Structure formats: C-alpha cells, structure tokens
$ cat input39.pdb   # PDB, C-alpha atoms and all ligand atoms
ATOM      1  CA  MET Q 246     136.487  94.730  97.830
ATOM      2  CA  HIS Q 247     133.776  95.458 100.381
ATOM      3  CA  MET Q 248     130.295  94.611  99.167
ATOM      4  CA  THR Q 249     127.102  96.133 100.537
ATOM      5  CA  LEU Q 250     124.434  93.820 101.943
ATOM      6  CA  LEU Q 251     122.336  94.501  98.864
ATOM      7  CA  GLU Q 252     125.192  93.629  96.490
ATOM      8  CA  GLU Q 253     125.906  90.465  98.425
ATOM      9  CA  PHE Q 254     122.225  89.517  98.308
ATOM     10  CA  GLU Q 255     121.959  90.197  94.563
ATOM     11  CA  GLU Q 256     124.997  88.028  93.891
ATOM     12  CA  PHE Q 257     123.544  85.222  95.988
ATOM     13  CA  LEU Q 258     120.155  85.550  94.290
ATOM     14  CA  ASN Q 259     121.672  85.375  90.820
ATOM     15  CA  SER Q 260     123.692  82.295  91.629
ATOM     16  CA  HIS Q 261     121.044  80.432  93.665
ATOM     17  CA  LEU Q 262     117.764  81.005  91.825
ATOM     18  CA  LEU Q 263     116.891  77.660  90.302
ATOM     19  CA  SER Q 264     117.158  76.976  86.654
ATOM     20  CA  THR Q 265     115.478  73.925  85.178
ATOM     21  CA  GLU Q 266     116.432  71.802  82.187
ATOM     22  CA  SER Q 267     113.449  71.192  79.910
ATOM     23  CA  PHE Q 268     112.101  71.823  76.438
ATOM     24  CA  HIS Q 269     109.778  74.610  77.697
ATOM     25  CA  PRO Q 270     110.578  77.657  75.541
ATOM     26  CA  HIS Q 271     110.524  80.347  78.258
ATOM     27  CA  PHE Q 272     110.103  78.733  81.678
ATOM     28  CA  ASN Q 273     113.530  79.775  83.038
ATOM     29  CA  GLU Q 274     113.316  83.255  81.567
ATOM     30  CA  ALA Q 275     109.854  83.774  83.087
ATOM     31  CA  TYR Q 276     111.054  82.372  86.441
ATOM     32  CA  ARG Q 277     113.795  84.999  86.681
ATOM     33  CA  LYS Q 278     112.067  87.917  85.035
ATOM     34  CA  MET Q 279     110.571  89.628  88.096
ATOM     35  CA  PHE Q 280     113.853  89.324  90.014
ATOM     36  CA  GLY Q 281     115.812  90.869  87.157
ATOM     37  CA  ALA Q 282     113.382  93.792  87.101
ATOM     38  CA  GLY Q 283     114.597  94.949  90.507
ATOM     39  CA  GLY Q 284     112.442  95.793  93.505
ATOM     40  CA  LYS Q 285     113.604  97.314  96.753
ATOM     41  CA  ARG Q 286     114.480  93.952  98.409
ATOM     42  CA  PHE Q 287     112.957  95.480 101.544
ATOM     43  CA  ARG Q 288     112.231  92.136 103.259
ATOM     44  CA  PRO Q 289     115.576  90.366 102.648
ATOM     45  CA  LEU Q 290     117.493  93.498 103.655
ATOM     46  CA  LEU Q 291     115.389  93.761 106.774
ATOM     47  CA  LEU Q 292     116.260  90.164 107.701
ATOM     48  CA  LEU Q 293     119.955  90.562 106.875
ATOM     49  CA  GLY Q 294     120.277  93.995 108.502
ATOM     50  CA  THR Q 295     118.602  92.778 111.692
ATOM     51  CA  LEU Q 296     120.942  89.797 111.803
ATOM     52  CA  ARG Q 297     124.023  91.920 111.059
ATOM     53  CA  ALA Q 298     123.171  94.110 114.049
ATOM     54  CA  ILE Q 299     122.969  90.981 116.236
ATOM     55  CA  ASN Q 300     125.831  88.895 114.800
ATOM     56  CA  PRO Q 301     127.509  89.938 111.511
ATOM     57  CA  LEU Q 302     129.391  86.636 111.185
ATOM     58  CA  LEU Q 303     126.164  84.791 110.396
ATOM     59  CA  VAL Q 304     125.048  86.994 107.508
ATOM     60  CA  ARG Q 305     126.505  84.876 104.729
ATOM     61  CA  ASN Q 306     124.599  81.715 105.701
ATOM     62  CA  ALA Q 307     121.400  83.715 106.170
ATOM     63  CA  MET Q 308     121.255  84.557 102.460
ATOM     64  CA  TYR Q 309     119.214  81.357 101.984
ATOM     65  CA  ALA Q 310     116.503  82.624 104.319
ATOM     66  CA  ALA Q 311     116.590  86.092 102.753
ATOM     67  CA  LEU Q 312     116.160  84.623  99.286
ATOM     68  CA  ALA Q 313     113.303  82.365 100.417
ATOM     69  CA  LEU Q 314     111.530  85.445 101.762
ATOM     70  CA  GLU Q 315     112.015  87.409  98.530
ATOM     71  CA  MET Q 316     110.718  84.422  96.534
ATOM     72  CA  ILE Q 317     107.515  84.306  98.593
ATOM     73  CA  HIS Q 318     107.105  88.059  98.208
ATOM     74  CA  THR Q 319     107.698  87.852  94.451
ATOM     75  CA  TYR Q 320     105.145  85.055  93.986
ATOM     76  CA  SER Q 321     102.617  87.220  95.841
ATOM     77  CA  LEU Q 322     103.231  90.160  93.510
ATOM     78  CA  ILE Q 323     102.836  87.962  90.405
ATOM     79  CA  HIS Q 324      99.533  86.566  91.677
ATOM     80  CA  ASP Q 325      98.349  89.980  92.865
ATOM     81  CA  ASP Q 326      98.853  91.380  89.341
ATOM     82  CA  LEU Q 327      96.802  88.620  87.615
ATOM     83  CA  PRO Q 328      93.578  89.518  85.804
ATOM     84  CA  ALA Q 329      91.559  87.784  88.555
ATOM     85  CA  MET Q 330      93.066  90.116  91.167
ATOM     86  CA  ASP Q 331      94.524  93.556  90.316
ATOM     87  CA  ASN Q 332      94.821  93.000  86.552
ATOM     88  CA  ALA Q 333      97.999  95.126  86.512
ATOM     89  CA  PRO Q 334     100.114  95.460  83.343
ATOM     90  CA  LEU Q 335     103.211  96.882  85.049
ATOM     91  CA  ARG Q 336     105.376  95.785  87.987
ATOM     92  CA  ARG Q 337     108.873  96.911  88.955
ATOM     93  CA  GLY Q 338     108.840  99.066  85.826
ATOM     94  CA  VAL Q 339     108.364  96.130  83.428
ATOM     95  CA  ASP Q 340     105.434  94.254  81.868
ATOM     96  CA  THR Q 341     103.881  91.744  84.249
ATOM     97  CA  LEU Q 342     104.313  88.022  83.498
ATOM     98  CA  HIS Q 343     100.774  87.450  82.246
ATOM     99  CA  VAL Q 344     101.287  90.321  79.766
ATOM    100  CA  THR Q 345     104.730  89.169  78.555
ATOM    101  CA  TYR Q 346     103.740  85.492  78.362
ATOM    102  CA  ASP Q 347     100.232  84.429  79.386
ATOM    103  CA  GLU Q 348      98.144  83.887  82.487
ATOM    104  CA  VAL Q 349      99.043  80.207  82.773
ATOM    105  CA  THR Q 350     102.762  81.023  82.841
ATOM    106  CA  ALA Q 351     102.244  83.717  85.496
ATOM    107  CA  ILE Q 352     100.174  81.432  87.730
ATOM    108  CA  LEU Q 353     102.622  78.532  87.466
ATOM    109  CA  ILE Q 354     105.826  80.549  87.891
ATOM    110  CA  ALA Q 355     104.388  82.055  91.077
ATOM    111  CA  ASP Q 356     103.334  78.577  92.251
ATOM    112  CA  ALA Q 357     106.878  77.353  91.639
ATOM    113  CA  LEU Q 358     108.396  80.262  93.583
ATOM    114  CA  ASN Q 359     106.055  79.620  96.504
ATOM    115  CA  THR Q 360     107.228  76.008  96.675
ATOM    116  CA  ASP Q 361     110.890  76.509  95.751
ATOM    117  CA  ALA Q 362     111.273  79.092  98.528
ATOM    118  CA  PHE Q 363     111.078  76.254 101.033
ATOM    119  CA  LEU Q 364     113.583  74.166  99.061
ATOM    120  CA  ILE Q 365     116.100  77.037  99.205
ATOM    121  CA  LEU Q 366     115.417  77.476 102.919
ATOM    122  CA  SER Q 367     115.972  73.741 103.464
ATOM    123  CA  GLN Q 368     119.486  74.140 102.019
ATOM    124  CA  MET Q 369     120.545  76.745 104.571
ATOM    125  CA  PRO Q 370     123.637  75.732 106.563
ATOM    126  CA  ILE Q 371     122.186  76.020 110.060
ATOM    127  CA  ASP Q 372     121.104  73.502 112.716
ATOM    128  CA  ASP Q 373     117.883  71.600 111.970
ATOM    129  CA  LYS Q 374     115.946  73.000 114.925
ATOM    130  CA  SER Q 375     116.538  76.606 113.821
ATOM    131  CA  LYS Q 376     115.717  75.634 110.255
ATOM    132  CA  THR Q 377     112.362  74.175 111.315
ATOM    133  CA  THR Q 378     111.627  77.363 113.264
ATOM    134  CA  LEU Q 379     112.464  79.523 110.239
ATOM    135  CA  CYS Q 380     110.316  77.355 108.022
ATOM    136  CA  ALA Q 381     107.385  77.656 110.440
ATOM    137  CA  ILE Q 382     107.728  81.449 110.736
ATOM    138  CA  LEU Q 383     107.776  81.880 106.969
ATOM    139  CA  ALA Q 384     104.851  79.513 106.354
ATOM    140  CA  LYS Q 385     102.754  80.930 109.194
ATOM    141  CA  ASN Q 386     103.112  84.523 108.074
ATOM    142  CA  ALA Q 387     102.744  83.875 104.349
ATOM    143  CA  GLY Q 388      99.926  81.308 104.360
ATOM    144  CA  SER Q 389      96.331  81.132 105.527
ATOM    145  CA  GLY Q 390      97.093  82.831 108.844
ATOM    146  CA  GLY Q 391      99.042  85.626 107.175
ATOM    147  CA  MET Q 392      99.463  87.213 103.770
ATOM    148  CA  VAL Q 393      96.997  85.002 101.877
ATOM    149  CA  LEU Q 394      94.214  85.729 104.384
ATOM    150  CA  GLY Q 395      94.949  89.457 104.065
ATOM    151  CA  GLN Q 396      94.795  89.228 100.289
ATOM    152  CA  ALA Q 397      91.534  87.244 100.460
ATOM    153  CA  LEU Q 398      89.992  89.976 102.627
ATOM    154  CA  ASP Q 399      91.305  92.683 100.317
ATOM    155  CA  CYS Q 400      89.811  91.020  97.250
ATOM    156  CA  PHE Q 401      86.511  90.035  98.873
ATOM    157  CA  PHE Q 402      85.876  93.494 100.335
ATOM    158  CA  GLU Q 403      86.836  95.500  97.289
ATOM    159  CA  ARG Q 404      84.129  98.163  96.870
ATOM    160  CA  LYS Q 405      82.770  97.333 100.344
ATOM    161  CA  PRO Q 406      84.196  99.872 102.793
ATOM    162  CA  LEU Q 407      85.687  98.475 105.996
ATOM    163  CA  ASP Q 408      86.040 100.297 109.293
ATOM    164  CA  GLU Q 409      89.438 101.220 110.686
ATOM    165  CA  GLU Q 410      89.800  98.148 112.868
ATOM    166  CA  GLN Q 411      89.002  95.856 109.940
ATOM    167  CA  LEU Q 412      91.348  97.780 107.660
ATOM    168  CA  ILE Q 413      94.200  97.381 110.146
ATOM    169  CA  PHE Q 414      93.431  93.639 110.459
ATOM    170  CA  LEU Q 415      93.500  93.282 106.670
ATOM    171  CA  HIS Q 416      96.814  95.077 106.180
ATOM    172  CA  LYS Q 417      98.401  93.509 109.227
ATOM    173  CA  HIS Q 418      97.884  90.204 107.439
ATOM    174  CA  LYS Q 419      98.431  91.180 103.807
ATOM    175  CA  THR Q 420     101.574  93.244 104.246
ATOM    176  CA  ALA Q 421     102.777  93.444 107.850
ATOM    177  CA  ARG Q 422     103.119  89.776 108.779
ATOM    178  CA  LEU Q 423     105.733  89.000 106.126
ATOM    179  CA  ILE Q 424     107.695  92.113 107.097
ATOM    180  CA  ALA Q 425     107.513  91.135 110.772
ATOM    181  CA  ALA Q 426     108.602  87.606 109.812
ATOM    182  CA  ALA Q 427     111.702  89.058 108.116
ATOM    183  CA  ILE Q 428     112.794  90.716 111.360
ATOM    184  CA  GLN Q 429     111.933  87.680 113.475
ATOM    185  CA  MET Q 430     113.860  85.356 111.159
ATOM    186  CA  GLY Q 431     116.922  87.604 111.502
ATOM    187  CA  ALA Q 432     116.567  87.379 115.283
ATOM    188  CA  VAL Q 433     116.159  83.578 115.226
ATOM    189  CA  ILE Q 434     119.284  83.131 113.082
ATOM    190  CA  GLY Q 435     121.169  85.529 115.363
ATOM    191  CA  GLY Q 436     120.201  83.430 118.408
ATOM    192  CA  SER Q 437     118.122  86.084 120.216
ATOM    193  CA  ASP Q 438     116.021  84.804 123.105
ATOM    194  CA  VAL Q 439     112.320  84.140 122.442
ATOM    195  CA  LYS Q 440     111.168  87.249 124.327
ATOM    196  CA  THR Q 441     113.353  89.488 122.137
ATOM    197  CA  GLN Q 442     112.225  87.611 119.018
ATOM    198  CA  ASN Q 443     108.604  88.305 119.911
ATOM    199  CA  GLU Q 444     109.251  91.967 120.720
ATOM    200  CA  LEU Q 445     111.004  92.357 117.393
ATOM    201  CA  TYR Q 446     108.105  90.616 115.633
ATOM    202  CA  ASP Q 447     105.601  93.055 117.202
ATOM    203  CA  PHE Q 448     107.815  95.966 116.182
ATOM    204  CA  GLY Q 449     107.843  94.459 112.665
ATOM    205  CA  LEU Q 450     104.041  94.393 112.528
ATOM    206  CA  GLU Q 451     103.964  98.132 113.215
ATOM    207  CA  LEU Q 452     106.720  98.713 110.646
ATOM    208  CA  GLY Q 453     104.645  96.686 108.169
ATOM    209  CA  LEU Q 454     101.575  98.845 108.788
ATOM    210  CA  LEU Q 455     103.717 101.924 108.265
ATOM    211  CA  PHE Q 456     104.925 100.373 105.000
ATOM    212  CA  GLN Q 457     101.315  99.889 103.892
ATOM    213  CA  ILE Q 458     100.216 103.436 104.813
ATOM    214  CA  HIS Q 459     103.198 104.716 102.842
ATOM    215  CA  ASP Q 460     102.315 102.473  99.874
ATOM    216  CA  ASP Q 461      98.746 103.860  99.921
ATOM    217  CA  ILE Q 462     100.145 107.414  99.928
ATOM    218  CA  ILE Q 463     102.394 106.530  96.957
ATOM    219  CA  ASP Q 464      99.363 105.182  95.093
ATOM    220  CA  ALA Q 465      97.479 108.418  95.694
ATOM    221  CA  THR Q 466     100.310 110.855  94.973
ATOM    222  CA  LYS Q 467     102.893 109.370  92.573
ATOM    223  CA  SER Q 468     102.823 108.801  88.834
ATOM    224  CA  SER Q 469     102.987 105.297  87.419
ATOM    225  CA  SER Q 470     106.504 105.906  86.030
ATOM    226  CA  GLU Q 471     107.776 107.104  89.431
ATOM    227  CA  ALA Q 472     106.298 104.061  91.180
ATOM    228  CA  GLY Q 473     107.090 101.463  88.472
ATOM    229  CA  LYS Q 474     103.530 100.132  88.784
ATOM    230  CA  PRO Q 475     100.058 101.478  88.073
ATOM    231  CA  THR Q 476      99.008 104.183  90.557
ATOM    232  CA  HIS Q 477      95.726 105.999  91.368
ATOM    233  CA  ASN Q 478      94.489 102.464  91.383
ATOM    234  CA  ASP Q 479      93.144 102.150  94.896
ATOM    235  CA  THR Q 480      90.023 104.261  94.477
ATOM    236  CA  ASP Q 481      87.704 101.258  95.005
ATOM    237  CA  LYS Q 482      89.968  99.699  97.583
ATOM    238  CA  ASN Q 483      90.168  99.669 101.317
ATOM    239  CA  SER Q 484      93.202 101.914 101.630
ATOM    240  CA  PHE Q 485      94.284 104.164 104.496
ATOM    241  CA  VAL Q 486      94.057 107.177 102.177
ATOM    242  CA  ASN Q 487      90.443 106.364 101.250
ATOM    243  CA  LEU Q 488      89.442 105.819 104.869
ATOM    244  CA  LEU Q 489      91.301 108.713 106.499
ATOM    245  CA  GLY Q 490      91.994 111.155 103.661
ATOM    246  CA  LEU Q 491      95.489 112.028 102.410
ATOM    247  CA  ARG Q 492      96.247 114.567 105.158
ATOM    248  CA  GLU Q 493      95.359 112.309 108.057
ATOM    249  CA  ALA Q 494      97.069 109.282 106.437
ATOM    250  CA  THR Q 495     100.246 111.362 106.018
ATOM    251  CA  LYS Q 496     100.040 112.454 109.647
ATOM    252  CA  ARG Q 497      99.588 108.846 110.788
ATOM    253  CA  ARG Q 498     102.644 107.831 108.737
ATOM    254  CA  ASP Q 499     104.814 110.553 110.223
ATOM    255  CA  ASP Q 500     103.591 109.856 113.768
ATOM    256  CA  LYS Q 501     104.317 106.143 113.307
ATOM    257  CA  ILE Q 502     107.848 106.862 112.091
ATOM    258  CA  ASN Q 503     108.530 108.846 115.269
ATOM    259  CA  GLU Q 504     106.853 106.257 117.495
ATOM    260  CA  LEU Q 505     108.950 103.453 115.994
ATOM    261  CA  LYS Q 506     112.183 105.442 116.315
ATOM    262  CA  LYS Q 507     111.448 105.816 120.018
ATOM    263  CA  ARG Q 508     110.533 102.156 120.345
ATOM    264  CA  SER Q 509     113.714 100.972 118.613
ATOM    265  CA  GLU Q 510     115.783 102.529 121.436
ATOM    266  CA  GLY Q 511     114.769  99.497 123.521
ATOM    267  CA  PHE Q 512     116.606  97.076 121.219
ATOM    268  CA  GLY Q 513     120.180  98.230 121.901
ATOM    269  CA  ASP Q 514     122.456 100.568 119.931
ATOM    270  CA  LYS Q 515     123.113  98.434 116.856
ATOM    271  CA  LEU Q 516     119.513  97.412 116.209
ATOM    272  CA  GLU Q 517     118.372 100.952 116.951
ATOM    273  CA  ALA Q 518     120.783 102.346 114.350
ATOM    274  CA  HIS Q 519     119.579  99.746 111.817
ATOM    275  CA  PHE Q 520     115.897 100.563 112.359
ATOM    276  CA  VAL Q 521     116.398 104.337 112.473
ATOM    277  CA  LYS Q 522     118.190 104.155 109.122
ATOM    278  CA  ILE Q 523     115.240 102.277 107.605
ATOM    279  CA  LEU Q 524     112.750 104.705 109.152
ATOM    280  CA  ASN Q 525     114.707 107.693 107.800
ATOM    281  CA  ASN Q 526     115.234 106.331 104.292
ATOM    282  CA  SER Q 527     112.291 104.150 103.291
ATOM    283  CA  PHE Q 528     109.269 106.393 103.738
ATOM    284  CA  LYS Q 529     109.849 109.496 101.633
TER     285      LYS Q 529
HETATM  286  C1  LIG Z   1      98.523  87.021  96.013
HETATM  287  C2  LIG Z   1      98.657  85.676  98.141
HETATM  288  C3  LIG Z   1      98.809  86.954  97.456
HETATM  289  C4  LIG Z   1      99.210  88.006  98.168
HETATM  290  C5  LIG Z   1      99.477  89.316  97.618
HETATM  291  C6  LIG Z   1     101.767  91.647  98.999
HETATM  292  C7  LIG Z   1     100.503  91.411  98.299
HETATM  293  C8  LIG Z   1      99.739  90.229  98.745
HETATM  294  C9  LIG Z   1     100.081  92.166  97.298
HETATM  295  C10 LIG Z   1     100.761  93.363  96.827
HETATM  296  C11 LIG Z   1      99.768  94.451  96.804
HETATM  297  C12 LIG Z   1     100.241  95.651  97.484
HETATM  298  C13 LIG Z   1     100.335  96.863  96.654
HETATM  299  C14 LIG Z   1     100.521  95.654  98.767
HETATM  300  C15 LIG Z   1     100.986  96.849  99.453
HETATM  301  C16 LIG Z   1     102.343  96.807 100.001
HETATM  302  C17 LIG Z   1     103.257  95.992  99.205
HETATM  303  C18 LIG Z   1     103.463  94.644  99.716
HETATM  304  C19 LIG Z   1     103.827  96.494  98.139
HETATM  305  C20 LIG Z   1     104.744  95.763  97.264
HETATM  306  O1  LIG Z   1     105.944  95.475  97.918
HETATM  307  P1  LIG Z   1     107.275  96.301  97.667
HETATM  308  O2  LIG Z   1     106.956  97.767  97.666
HETATM  309  O3  LIG Z   1     107.635  95.846  96.179
HETATM  310  O4  LIG Z   1     108.303  95.837  98.620
HETATM  311  P2  LIG Z   1     109.070  95.669  95.515
HETATM  312  O5  LIG Z   1     108.781  95.634  94.035
HETATM  313  O6  LIG Z   1     109.944  96.822  95.907
HETATM  314  O7  LIG Z   1     109.595  94.356  96.008
END

$ encode --input "input39.pdb" --output "structure tokens" --more "lines below"
Ligand code: GRG
Amino acid sequence: MHMTLLEEFEEFLNSHLLSTESFHPHFNEAYRKMFGAGGKRFRPLLLLGTLRAINPLLVRNAMYAALALEMIHTYSLIHDDLPAMDNAPLRRGVDTLHVTYDEVTAILIADALNTDAFLILSQMPIDDKSKTTLCAILAKNAGSGGMVLGQALDCFFERKPLDEEQLIFLHKHKTARLIAAAIQMGAVIGGSDVKTQNELYDFGLELGLLFQIHDDIIDATKSSSEAGKPTHNDTDKNSFVNLLGLREATKRRDDKINELKKRSEGFGDKLEAHFVKILNNSFK
C-alpha cells in the first residue's frame, strides 16, 4: 500500500523515538506526549518534500534528519510554554507538560529532546561528511545564532515595542531559521550544489517569515479551540499584527505568498510544484 510522506514519517517517529528503562514513573510517557498530540509536522515534511523533489530514492534514509528537526522544534515548544516564558496551559490541543506533570519534568524532557535529536541524526545512514554538514546546519539554526537568540529577543523585548527591522530580525531567528534549515537539509541530503543549497536556504528564510506573519494572524483571529493553543495572547508581544495592524499584516502575507510562488519557478518544475503546494495549503 502506498503511504503518504506524513504517514511514513509518523511510522518512523513512533518506532524511533527513544524509550528509556528506569524506575521513573512517567518519564517515557512525558517524553512522547507532545508527539502523540499531533502538530502539523511542517518542518519534517518540508525537509522530506524538498528531498523527494530532488531525489525520491533518498527519502527513507532522511527520516532520521526529519525526526531530529521535529525533536528540536518540539523541545522549543515545551520550553516556550513554561511559566518563565509564555506560561501556556494548552499546546497541540492538549495540556502542556508542566500542567500535566510539573515544571521540572517539562524542562528536563525538552532538554532530553534537544540532546537526543543529535543522537538520532548521528544514526542516519549517510556518509560522514554529509552527516557533519547536517549536524552543523541544525545546530547553527537552532542554537545561539538561530532560534534561541530569537526567543531571547522575544522574551527580553516583551512590552517594549520594536521597529520593523528589529521585528524581522527577531522572527528570522526565532522561527525562520529552523524552517530554512529544513529546506537546506533536504537539499544537502539530495546532493544539490552549494549555490542551490544557499538559494534554497534564503527562500526558506522568507517562507519562515511568512509562517510567522500567518501565525500572528491566527493568534489575532482564531479561537483557542481552532488553534489548539491559547490565542489573543500576543497583545503585549512584538507581533506583525501589533506593528502593522491586521489589514496590513494580511496584505503582507498574501503578497509574500505570491512573491514566493514566483521565486520558486527558479528551482525547477518538481521543487516549484512542491513549494506552490505548500504556499497554497499552509496559509489559510
Ligand atoms: C524556547 C529556545 C526556545 C525557542 C522557542 C519556536 C519557538 C521558539 C516558540 C514558539 C512560539 C511561536 C508561537 C512561534 C511562532 C511560530 C511557530 C514556531 C509556531 C509553532 O509551530 P507550529 O505551528 O506548531 O509548526 P505545530 O504544533 O504544528 O508543530
């Protein structure tokens, strides 16, 4: 039977997420909980879809990289929801880990995911040079030069309005770099030349900013049950909706969708079709 990329990824995730023998009463359950609650799997599908457009034969082995990416993303959500940051009770439609268990469990499970991601990546059947490159891309975009810096800026400047250039810098780091890394990792596994890898990375940064503008619009317009997380939550935050207003933010989103459709024509028919599908389906 033919499986979709998402089904294949879910099967891989379920069979490769670690499970640890110990006398801790809920460590394994807490480790898996946020994965079992769903999520769009936007980043792993972006990596796998990009790779499939370049070389479909390599998709199976790339599941390791896709899972590593989703583990980093999931740790970031768990930490983002902690009382010290967003203090959010709901994520992916279920209670957050610090609500179900306690803060210590949430902090440590996310720490474990952040570390274990690189263990899973190290097990990928691919040559060592490519593996080192993948490891570097993931670490660079998730760590102090990427997502963590963006989150630090977001938290530090809460209630202190930033200008547009600063806001773009913040979200480029917090959200866009990991999304761009997903596309670049797909291109590295597929064997694209470095110039193409970099062009795809830059395209990914713009896609990531689009993702963030859309997320800000969801926060301003959707109910908590539609979004599966608290909404109308960004009133004190540096969001695109707060800076530009809902109308202008919506216009920027729609303009960016069209701009990126045009830009994806430069990547060849298969990649174009892959990106156009994402642009048509992910931002409604
Ligand atoms: C704690 C180091 C650290 C980083 C947190 C990504 C992030 C950085 C925080 C999430 C806050 C947020 C609402 C960001 C906006 C865009 C975004 C990344 C949304 C959540 O990702 P989705 O929509 O979630 O892909 P699912 O649940 O579908 O995986």

$ closest_atom_pairs --input "input39.pdb" --of "chain Q" --to "ligand LIG 1 (chain Z)" --cutoff "7 Å" --atoms "only C-alpha atoms and all ligand atoms" --output "CSV"
residue,atom,partner,partner_atom,distance
Q:Gly283,CA,Z:LIG1,O5,6.8
Q:Gly284,CA,Z:LIG1,O6,3.6
Q:Lys285,CA,Z:LIG1,O6,3.8
Q:Arg286,CA,Z:LIG1,O7,5.5
Q:Phe287,CA,Z:LIG1,O4,5.5
Q:His318,CA,Z:LIG1,C6,6.5
Q:Thr319,CA,Z:LIG1,O7,7.0
Q:Ser321,CA,Z:LIG1,C1,4.1
Q:Leu322,CA,Z:LIG1,C10,5.2
Q:His324,CA,Z:LIG1,C1,4.5
Q:Asp325,CA,Z:LIG1,C1,4.3
Q:Arg336,CA,Z:LIG1,O5,6.9
Q:Arg337,CA,Z:LIG1,O5,5.2
Q:Met392,CA,Z:LIG1,C4,5.7
Q:Val393,CA,Z:LIG1,C2,4.1
Q:Gln396,CA,Z:LIG1,C4,5.0
Q:Lys419,CA,Z:LIG1,C8,5.3
Q:Thr420,CA,Z:LIG1,C18,5.1
Q:Phe456,CA,Z:LIG1,C16,6.7
Q:Gln457,CA,Z:LIG1,C16,5.1
Q:Asp460,CA,Z:LIG1,C16,5.7

$ axis_aligned_box --input "input39.pdb" --around "stretch 275-280 of chain Q" --padding-each-side "8 Å" --output "AutoDock Vina command-line options"
--center_x 111.9 --center_y 86.0 --center_z 86.6 --size_x 20.0 --size_y 23.3 --size_z 22.9

$ residues_near_point --input "input39.pdb" --point "(124.5, 86.9, 96.0)" --cutoff "12 Å" --atoms "only C-alpha atoms" --output "ChimeraX atom specification"
/Q:248-262,289,304-309,311-312

$ write_last_selection --input "input39.pdb" --atoms "C-alpha atoms" --output "short mmCIF file (atom, residue, chain, number, x, y, z; two decimals), keeping the file's coordinate frame"
data_model
loop_
_atom_site.label_atom_id
_atom_site.label_comp_id
_atom_site.auth_asym_id
_atom_site.auth_seq_id
_atom_site.Cartn_x
_atom_site.Cartn_y
_atom_site.Cartn_z
CA MET Q 248 130.29 94.61 99.17
CA THR Q 249 127.10 96.13 100.54
CA LEU Q 250 124.43 93.82 101.94
CA LEU Q 251 122.34 94.50 98.86
CA GLU Q 252 125.19 93.63 96.49
CA GLU Q 253 125.91 90.46 98.42
CA PHE Q 254 122.22 89.52 98.31
CA GLU Q 255 121.96 90.20 94.56
CA GLU Q 256 125.00 88.03 93.89
CA PHE Q 257 123.54 85.22 95.99
CA LEU Q 258 120.16 85.55 94.29
CA ASN Q 259 121.67 85.38 90.82
CA SER Q 260 123.69 82.30 91.63
CA HIS Q 261 121.04 80.43 93.66
CA LEU Q 262 117.76 81.00 91.82
CA PRO Q 289 115.58 90.37 102.65
CA VAL Q 304 125.05 86.99 107.51
CA ARG Q 305 126.50 84.88 104.73
CA ASN Q 306 124.60 81.72 105.70
CA ALA Q 307 121.40 83.72 106.17
CA MET Q 308 121.26 84.56 102.46
CA TYR Q 309 119.21 81.36 101.98
CA ALA Q 311 116.59 86.09 102.75
CA LEU Q 312 116.16 84.62 99.29
#

$ closest_residue --input "input39.pdb" --among "Q:Val339, Q:Leu407, Q:Leu524, Q:Ala426" --to "Q:His459" --atoms "all atoms listed in the file"
Q:Leu524

$ atom_distance --input "input39.pdb" --atom1 "atom CA of Q:Leu398" --atom2 "atom CA of Q:Lys482"
11.0 Å

$ closest_residue --input "input39.pdb" --among "Q:Lys507, Q:Ile413, Q:Ala425, Q:Arg297" --to "Q:Asp447" --atoms "all atoms listed in the file"
Q:Ala425

$ resolve_selection --input "input39.pdb" --expression "the PyMOL selection byres (((chain Q and resi 519) around 10) and not hetatm)" --output "VMD selection string"
chain Q and resid 291 294 to 295 297 to 298 509 514 to 518 520 to 524

$ residues_around --input "input39.pdb" --residues "Q:Lys385" --least-positions-apart "3" --cutoff "12 Å" --atoms "all atoms listed in the file" --output "list in words"
Thr377, Thr378, Leu379, Cys380, Ala381, Ile382, Gly388, Ser389, Gly390, Gly391, Met392, Val393, Leu394, His418, Arg422, Leu423, Ala425 and Ala426 of chain Q

$ closest_residue --input "input39.pdb" --among "Q:Asp479, Q:Ala472, Q:Asn273, Q:Leu452" --to "Q:Asp499" --atoms "all atoms listed in the file"
Q:Leu452

$ closest_residue --input "input39.pdb" --among "Q:Lys374, Q:His247, Q:Lys501, Q:Lys405" --to "Q:Ser484" --atoms "only C-alpha atoms"
Q:Lys405

$ residues_around --input "input39.pdb" --residues "Q:Asp347" --least-positions-apart "2" --cutoff "12 Å" --atoms "all atoms listed in the file" --output "PyMOL selection string"
chain Q and resi 271-272+275+323+327-328+334+340-345+349-354

$ closest_residue --input "input39.pdb" --among "Q:Phe485, Q:Tyr346, Q:Phe401, Q:Thr476" --to "Q:Pro270" --atoms "only C-alpha atoms"
Q:Tyr346
